[in-house]
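A.B. asks: Attaching a single structure in structure tokens format; questions to follow.
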Amino acid sequence: MKQASTPLPFAPVAWTITAFVVAALPHLLAMPPLLGAVVVLLCGWRLLAAGKGWRPPPGWLRLLLTVGAIALLAVGFGGLWGRRAATGLLCLMLAAKMLELYRLRDLRMVASVSLFLIATQFLFDERLVYLAYLFGGVLITIGALLRIQLLELGQAVPRSGHLRIIRDAALMLLTALPVALILFVTFPRLAEPLWGLPDEVMDAKTGLSDSMSPGSIADLYIDDSAAFRAEFDGTPPPPERRYWRGPVLWHFDGDTWERAFLASRTPAAKVPPGPDDFLYTVQLEPHERRWLFALDYPVTTPDEAHISLDFQVTRRDPVTTLTEYRMRSNPGFTDMPQLPETLRRLALSLPEDRNPRTREMARQLRERFEDDRALIDHVLDWLREEPFYYSLQTAPLGRHGADEFLFDLRTGYCEYYASAFAVLMRAAGIPTRVVTGYQGGYWQEGGQYLLVRQSDAHAWVELWLAGSGWTRVDPTAAVSPARIQSGARVATGDATGLDWLRSLQYRYDRLQHLWNAWVLGFDADRQQSMMRFLGLPRLSSTGMALLMVSLLGLTILVLAWAWLKRPAGSRDPVQRAWIRLMRRMGRRGLGPVLGETPLAWAERVAPELAEGEKLHELTERYCRIRYGDCDDAGLREHFIEQSRKLSTDRVEPRRMASV
Amino acid sequence: MATATGSPVETGRPKLLDRWLKRRTRLDLPLTLAYRRIFILPTRFGWMLGLLMGAMLIGSLNFNNNLGLLTTFIVAATAINSMLLAFRNLNGLHLRHGAARPVHAGKPVPWRLTAVNHCERNRDGLRLKGPGPDAVFNVPARGVREVTIELDARGRGWHRPGRLRIETTQPLGLFRAWSWIEPTTPFLVWPQPAEHAPPLPEGGDAQSVQRRQAREEGEDFHSLRRWREGDPLHRIAWKASQRHQTLLSRQFRREQSREVFLSLERAPGRDLEERIRIVTAWILRAEAENRSWTLELGEERFGPDRSESHKHACMRALAEL
């Protein structure tokens, strides 16, 4: 083991640090920038130190820097102890290790913890692109370990050594794949987690939030990443019925819509199954929140989820990994034929001192229309006929948001319309709530699933009407029917050009879908269905483990056989011919003894052979071809032929005497 | 009197393991490493990575994180591969004795091993472990390498190298594959020369003195060298000087006039060991002064002579006492 007194050479340190940085890269990007900068700086310093042969810094400085870094971490994550903070701490500790990276085993430690970092990244994101990260990271780490091994042996590596190391590492990785895949497919999966996620404050993630204030976030609507994918039994619903229900918002303080404690904690009425029910499976991308998305109105809930009074489907634990759930929705259900008084009050409350013009308009409308439905139709017509525009490029709203939007700005997207419309309706005395979720989605013909992206996020309004209960009204649809039929991108006129790019994106998403289904969603159920597909009986987890062990044993045997089989003969035909001759002689008891040179052997054996002279000649020729610089093809062929012809008959003195 | 005093390289090894090893396989050279002789266990780093993989496995299983599992399994499969590769690195390697040169007791003894690789691939990162520092070596494809390690030699006489280890942690340092070898061919350790030996005993017995006088006149011509001031005229090699266009004078190596007679019995010293050491020192001194010597050990006599083989015979006789 190297002592701290001999500084480590540059190359192994550089390999190790590269492995670490590659493994930590996604973590670094998710960290507060200052922390990421500290990690990169420490790595850079260590590289420089390795290049220039600097000594390790004194102990007190190391301690000071480490404590400082941890303090930074505590401040950077604002005291929120989540998984990001935990992996951030791991990155920071490894970076602090750079300050005392002066022994061989430290290098190995950093390299192997890099593997751990790679695995932890998948707690946050498991998309297909991360497969490249997995293989790249593991490849470089194996390379680093190979390079460290050379250091331990104390061998000088030729200059072109790095390429060779990459090649060797790639070969190791490739040959590891069969065993890894067998393990992956057959390793028994846990049906129940051993421990749950701590009820931690989740890291910020794009996606819907549980509140809505118009104009605060437009980022979501230009985010093309997938929110979820849905597969339908039978035909999917038409675009105008694809309203995926998310958080339902009741409270409005003049700026922000929020959920109501009462409504979200009370269980919903039981929805009976109907004749036109949609049956579908949703693969939900992790969004760090508890709610699931469903079409109206969910009949059954997945395990561990409950439906609230306003038909939000909520899970006990946040969705932190790709989650698949099965749903059944009955679109013909009437939600709440009778509205309880508490809910009515909740659905009518408005801050008194806001939006005077909207209130005035509502009062006038109320005077003109007795009937709620006529009033609503009138307002929708008004929205349609007045110059309202659907656009993501719009201005923020001030104190009287609904007033500013309805009478001045008149340009905005769903949140603007839903909020202003809801204010108007509440002012007119119609119980109103805002529903956020996703609307629409892209039907993937090739993959037979509906792709719903973040940009499909939507907000609409539900009004309580006597007779039909809570009824969905979408003011955005009145302004921009294209939004509902074709999505936000078409509606905002952003769909020009780059069609090929978009179709490429959709193709890629189909791959991603397969990936989700077969790799990420591979669980105990899929394992069993795969066994059925292969015609194997249903196995208990013990049976699965046995299958795994036997398959593994078999693969390792095959690998061992391929690697450990006796060395193949020489590639040189002359050498092969020579070895054949040796063998023939050996069978006669005339083979060379260990360490005997060809010439010495010929000297010893020739007198016993009938064709001793020829053996001498042949041996000399062999030595000339093999050890000389003779490269004449004719000579070589002649040698091979002669060696084949040479007789191994011994001299028989008695017969010779008799002749 | 050749006593093979085995110097156990690793003392205190449980007898049970010893017996098992011996029953399992022959450890003597020459041998070819094969599966019965090769043992394999994780290194400390291997255990550490194993622990880390365990943590990765449990974490990924718990969160049903398939990509995390895949990472774990790829690492595990790589580890399994590296185990096979470590084994392969030793498997089929042929080992035999190298030439050994005797040395004096008290110094480390260089002991040589010859490794022959019959395969078409290199065997890198092999390590021969003895009591001293390890020897790291590579054997190229279809190549032969000689490795030298230093053994402790505590006393004179015949020793066996004891149990040695040939090992490798290739390619990742996760697993250590090793084989024991226990060569039975002994090596000779000459006695240690005394540090402050008395001067060579001058004179000797009558016979040797006579022989000495007979040789007194003889001067052996040794070589030519450039003439220096002070060289007598009769030393100048005129013919050669003419050929080389410069003055050359003949060099004579003067036969050391006095032979020495060394007798173990008559050597000073408190005990046998000390006397042996003193006689050893005398032999070395006689050799250094280029004098011939006779060694008397009880009934046996060696010499007189001053050749290398004479020295070896004397040293061996002393070592074997």
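By order of appearance in the structure tokens: chains A, B, ..., then residues from 1 within every chain, and ligands from 1 in the order shown.
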So that I can check the secondary structure, give me every residue of region 599-644 of chain A assigned alpha helix (DSSP H) by backbone DSSP, as a ChimeraX atom specification.

C.D. replies: /A:599-605,612-627,633-644

A.B. asks: With a cut-off of 9 Å and counting only C-alpha atoms, select all residues of chain B in contact with chain A and give the selection as JSON, numbers by chain.

C.D. replies: {"B": [45, 48, 49, 52, 53, 55, 56, 58, 59, 60, 61, 62, 63, 64, 65, 66, 67, 68, 69, 70, 71, 72, 73, 74, 75, 76, 77, 78, 79, 80, 81, 82, 84, 85, 87, 88, 91, 92, 118, 119, 120, 121, 125, 126, 127, 136, 137, 169, 170, 171, 172, 173]}

A.B. asks: Compile the contact shell of Lys311 (chain B) as a tab-separated table (two decimals) with N, CA and C atoms, in the first residue's frame: residues with an atom at most 12 Å away, counting only C-alpha atoms, same-chain residues fewer than 4 positions apart removed.

C.D. replies:
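around13.tsv was written with the following content:
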```tsv
chain	number	residue	atom	x	y	z
B	102	PRO	N	24.17	-19.46	-3.94
B	102	PRO	CA	24.24	-19.45	-2.48
B	102	PRO	C	24.76	-18.11	-1.98
B	190	TRP	N	25.52	-20.38	3.05
B	190	TRP	CA	26.87	-20.49	3.58
B	190	TRP	C	26.94	-19.87	4.97
B	279	VAL	N	36.63	-19.23	10.13
B	279	VAL	CA	37.23	-19.90	8.98
B	279	VAL	C	36.60	-19.36	7.69
B	280	THR	N	35.32	-19.12	7.74
B	280	THR	CA	34.64	-18.56	6.57
B	280	THR	C	35.23	-17.21	6.20
B	281	ALA	N	35.44	-16.39	7.22
B	281	ALA	CA	36.02	-15.08	6.97
B	281	ALA	C	37.42	-15.24	6.37
B	282	TRP	N	38.16	-16.21	6.88
B	282	TRP	CA	39.52	-16.45	6.36
B	282	TRP	C	39.48	-16.83	4.89
B	283	ILE	N	38.55	-17.71	4.56
B	283	ILE	CA	38.47	-18.15	3.16
B	283	ILE	C	38.20	-16.94	2.26
B	284	LEU	N	37.29	-16.09	2.72
B	284	LEU	CA	36.97	-14.92	1.91
B	284	LEU	C	38.17	-14.01	1.76
B	285	ARG	N	38.94	-13.90	2.89
B	285	ARG	CA	40.10	-13.02	2.83
B	285	ARG	C	41.16	-13.60	1.89
B	286	ALA	N	41.35	-14.92	2.00
B	286	ALA	CA	42.32	-15.57	1.14
B	286	ALA	C	41.94	-15.39	-0.32
B	287	GLU	N	40.67	-15.50	-0.57
B	287	GLU	CA	40.21	-15.33	-1.94
B	287	GLU	C	40.45	-13.90	-2.40
B	288	ALA	N	40.18	-12.95	-1.51
B	288	ALA	CA	40.36	-11.56	-1.87
B	288	ALA	C	41.83	-11.26	-2.14
B	290	ASN	N	43.85	-13.33	-3.23
B	290	ASN	CA	44.24	-14.18	-4.33
B	290	ASN	C	45.30	-15.22	-3.92
B	291	ARG	N	45.14	-15.74	-2.72
B	291	ARG	CA	46.06	-16.78	-2.26
B	291	ARG	C	45.31	-18.10	-2.27
B	292	SER	N	46.03	-19.16	-2.47
B	292	SER	CA	45.35	-20.45	-2.42
B	292	SER	C	45.34	-20.95	-0.99
B	293	TRP	N	44.37	-21.72	-0.68
B	293	TRP	CA	44.25	-22.16	0.70
B	293	TRP	C	43.88	-23.63	0.76
B	294	THR	N	44.15	-24.19	1.88
B	294	THR	CA	43.76	-25.57	2.15
B	294	THR	C	42.84	-25.53	3.36
B	295	LEU	N	41.76	-26.24	3.26
B	295	LEU	CA	40.84	-26.28	4.40
B	295	LEU	C	40.85	-27.67	4.98
B	302	PHE	N	40.45	-30.05	1.86
B	302	PHE	CA	40.08	-29.46	0.57
B	302	PHE	C	41.24	-28.59	0.11
B	303	GLY	N	41.69	-28.77	-1.09
B	303	GLY	CA	42.74	-27.93	-1.64
B	303	GLY	C	44.10	-28.57	-1.50
B	304	PRO	N	45.11	-27.79	-1.65
B	304	PRO	CA	45.08	-26.33	-1.82
B	304	PRO	C	44.63	-25.93	-3.22
B	305	ASP	N	43.97	-24.83	-3.24
B	305	ASP	CA	43.47	-24.32	-4.52
B	305	ASP	C	42.98	-22.90	-4.26
B	306	ARG	N	42.74	-22.16	-5.33
B	306	ARG	CA	42.12	-20.84	-5.12
B	306	ARG	C	41.02	-20.59	-6.15
B	307	SER	N	40.51	-21.66	-6.70
B	307	SER	CA	39.48	-21.49	-7.73
B	307	SER	C	38.11	-21.25	-7.09
B	315	MET	N	32.88	-23.87	1.25
B	315	MET	CA	31.74	-23.23	1.90
B	315	MET	C	30.63	-24.23	2.16
B	316	ARG	N	30.42	-25.09	1.17
B	316	ARG	CA	29.37	-26.08	1.31
B	316	ARG	C	29.68	-27.02	2.47
B	317	ALA	N	30.97	-27.44	2.53
B	317	ALA	CA	31.36	-28.34	3.61
B	317	ALA	C	31.15	-27.68	4.96
B	318	LEU	N	31.53	-26.39	5.03
B	318	LEU	CA	31.35	-25.67	6.29
B	318	LEU	C	29.86	-25.51	6.64
B	319	ALA	N	29.09	-25.23	5.60
B	319	ALA	CA	27.65	-25.02	5.84
B	319	ALA	C	26.99	-26.29	6.33
```

A.B. asks: So which residues touch region 259-274 of chain A within 12 Å, counting only C-alpha atoms, skipping near sequence neighbours fewer than 2 positions away, as a ChimeraX atom specification?

C.D. replies: /A:209-212,246-253,256-257,276-279,291,296-301,305-314,327-338,340,342-344,346-347,433-436

A.B. asks: From region 21-186 of chain B, collect each residue whose DSSP state is strand (DSSP E or B) and return the set as a ChimeraX atom specification.

C.D. replies: /B:31-32,38-42,94-97,103-104,109-116,123-129,135-139,144-151,157-159,164-168,175-181

A.B. asks: Measure the distance from CA of Thr141 (chain A) to CA of Leu551 (chain A) in Å and round it to one decimal.

C.D. replies: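 Distance between the two atoms: 27.4 Å.
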
A.B. asks: What is the CA of Arg96 (chain B)-CA of His159 (chain B) distance in Å, reported with one decimal?

C.D. replies: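 CA of His159 (chain B) lies 17.5 Å from CA of Arg96 (chain B).
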
A.B. asks: State, in Å with one decimal place, the distance from CA of Thr184 (chain B) to CA of Ser309 (chain B).

C.D. replies: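 CA of Thr184 (chain B) sits 24.8 Å away from CA of Ser309 (chain B).
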
A.B. asks: Which residue out of B:Arg301, B:Arg156, B:His244, B:Arg266 has the minimum interatomic distance to Leu321 (chain B) when only C-alpha atoms are used?

C.D. replies: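 Looking at the shortest contact to Leu321 (chain B), the residue is B:Arg156.
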
A.B. asks: Can you tell me, as a ChimeraX atom specification, what residues are no more than 12 Å from Asp152 (chain B) when counting only C-alpha atoms, ignoring any on the same chain fewer than 2 positions away?

C.D. replies: /B:6-10,103-111,130-133,149-150,154-156,159-162,187,189

A.B. asks: Can I get the selected residues back with N, CA and C atoms, as a tab-separated table (two decimals), in the first residue's frame?

C.D. replies:
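Now in selection03.tsv:
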```tsv
chain	number	residue	atom	x	y	z
B	6	GLY	N	14.26	-27.22	7.62
B	6	GLY	CA	13.19	-26.42	7.01
B	6	GLY	C	13.02	-25.12	7.73
B	7	SER	N	13.07	-24.05	6.99
B	7	SER	CA	12.77	-22.77	7.64
B	7	SER	C	11.35	-22.42	7.30
B	8	PRO	N	10.47	-22.65	8.23
B	8	PRO	CA	9.06	-22.38	7.91
B	8	PRO	C	8.86	-20.89	7.67
B	9	VAL	N	8.36	-20.58	6.48
B	9	VAL	CA	8.21	-19.18	6.13
B	9	VAL	C	7.09	-18.55	6.93
B	10	GLU	N	6.03	-19.32	7.12
B	10	GLU	CA	4.94	-18.79	7.94
B	10	GLU	C	4.72	-19.74	9.09
B	103	VAL	N	24.31	-17.75	-0.79
B	103	VAL	CA	24.82	-16.54	-0.14
B	103	VAL	C	25.13	-16.87	1.31
B	104	HIS	N	25.77	-15.93	1.97
B	104	HIS	CA	26.12	-16.12	3.37
B	104	HIS	C	24.93	-15.87	4.26
B	105	ALA	N	24.94	-16.57	5.36
B	105	ALA	CA	23.86	-16.36	6.33
B	105	ALA	C	23.86	-14.91	6.78
B	106	GLY	N	22.71	-14.44	7.20
B	106	GLY	CA	22.61	-13.07	7.68
B	106	GLY	C	22.16	-12.12	6.60
B	107	LYS	N	22.32	-12.51	5.36
B	107	LYS	CA	21.79	-11.67	4.28
B	107	LYS	C	20.55	-12.35	3.75
B	108	PRO	N	19.64	-11.57	3.18
B	108	PRO	CA	18.50	-12.22	2.53
B	108	PRO	C	18.95	-13.04	1.33
B	109	VAL	N	18.31	-14.19	1.17
B	109	VAL	CA	18.71	-15.08	0.10
B	109	VAL	C	17.85	-14.84	-1.12
B	110	PRO	N	18.44	-14.49	-2.23
B	110	PRO	CA	17.61	-14.37	-3.43
B	110	PRO	C	17.20	-15.76	-3.90
B	111	TRP	N	15.89	-15.92	-4.10
B	111	TRP	CA	15.39	-17.23	-4.53
B	111	TRP	C	14.61	-17.02	-5.80
B	130	GLY	N	6.82	-13.80	-0.44
B	130	GLY	CA	7.60	-14.57	0.51
B	130	GLY	C	7.62	-13.81	1.80
B	131	PRO	N	8.58	-14.08	2.65
B	131	PRO	CA	8.64	-13.33	3.91
B	131	PRO	C	9.08	-11.89	3.68
B	132	GLY	N	9.81	-11.63	2.62
B	132	GLY	CA	10.32	-10.28	2.37
B	132	GLY	C	9.36	-9.50	1.49
B	133	PRO	N	9.91	-8.49	0.80
B	133	PRO	CA	9.07	-7.73	-0.11
B	133	PRO	C	8.56	-8.59	-1.27
B	149	ILE	N	12.68	-13.44	-5.31
B	149	ILE	CA	12.29	-12.82	-4.04
B	149	ILE	C	13.37	-13.13	-3.03
B	150	GLU	N	13.31	-12.42	-1.95
B	150	GLU	CA	14.32	-12.63	-0.92
B	150	GLU	C	13.72	-13.44	0.21
B	154	ARG	N	18.26	-17.79	8.36
B	154	ARG	CA	18.71	-17.45	9.70
B	154	ARG	C	20.06	-18.08	10.00
B	155	GLY	N	20.27	-19.26	9.46
B	155	GLY	CA	21.55	-19.92	9.78
B	155	GLY	C	22.09	-20.64	8.58
B	156	ARG	N	23.36	-21.13	8.74
B	156	ARG	CA	23.99	-21.85	7.63
B	156	ARG	C	23.28	-23.17	7.40
B	159	HIS	N	18.34	-25.15	3.44
B	159	HIS	CA	17.01	-24.66	3.83
B	159	HIS	C	16.03	-24.94	2.73
B	160	ARG	N	14.79	-25.01	3.15
B	160	ARG	CA	13.74	-25.01	2.13
B	160	ARG	C	13.08	-23.65	2.12
B	161	PRO	N	12.59	-23.25	0.97
B	161	PRO	CA	11.97	-21.92	0.90
B	161	PRO	C	10.73	-21.81	1.78
B	162	GLY	N	10.19	-22.95	2.20
B	162	GLY	CA	8.96	-22.88	2.97
B	162	GLY	C	7.79	-22.66	2.05
B	187	PHE	N	17.89	-25.03	-0.67
B	187	PHE	CA	18.98	-24.17	-1.13
B	187	PHE	C	19.99	-24.06	-0.01
B	189	VAL	N	22.79	-22.22	2.33
B	189	VAL	CA	23.22	-20.94	2.90
B	189	VAL	C	24.58	-21.15	3.52
```
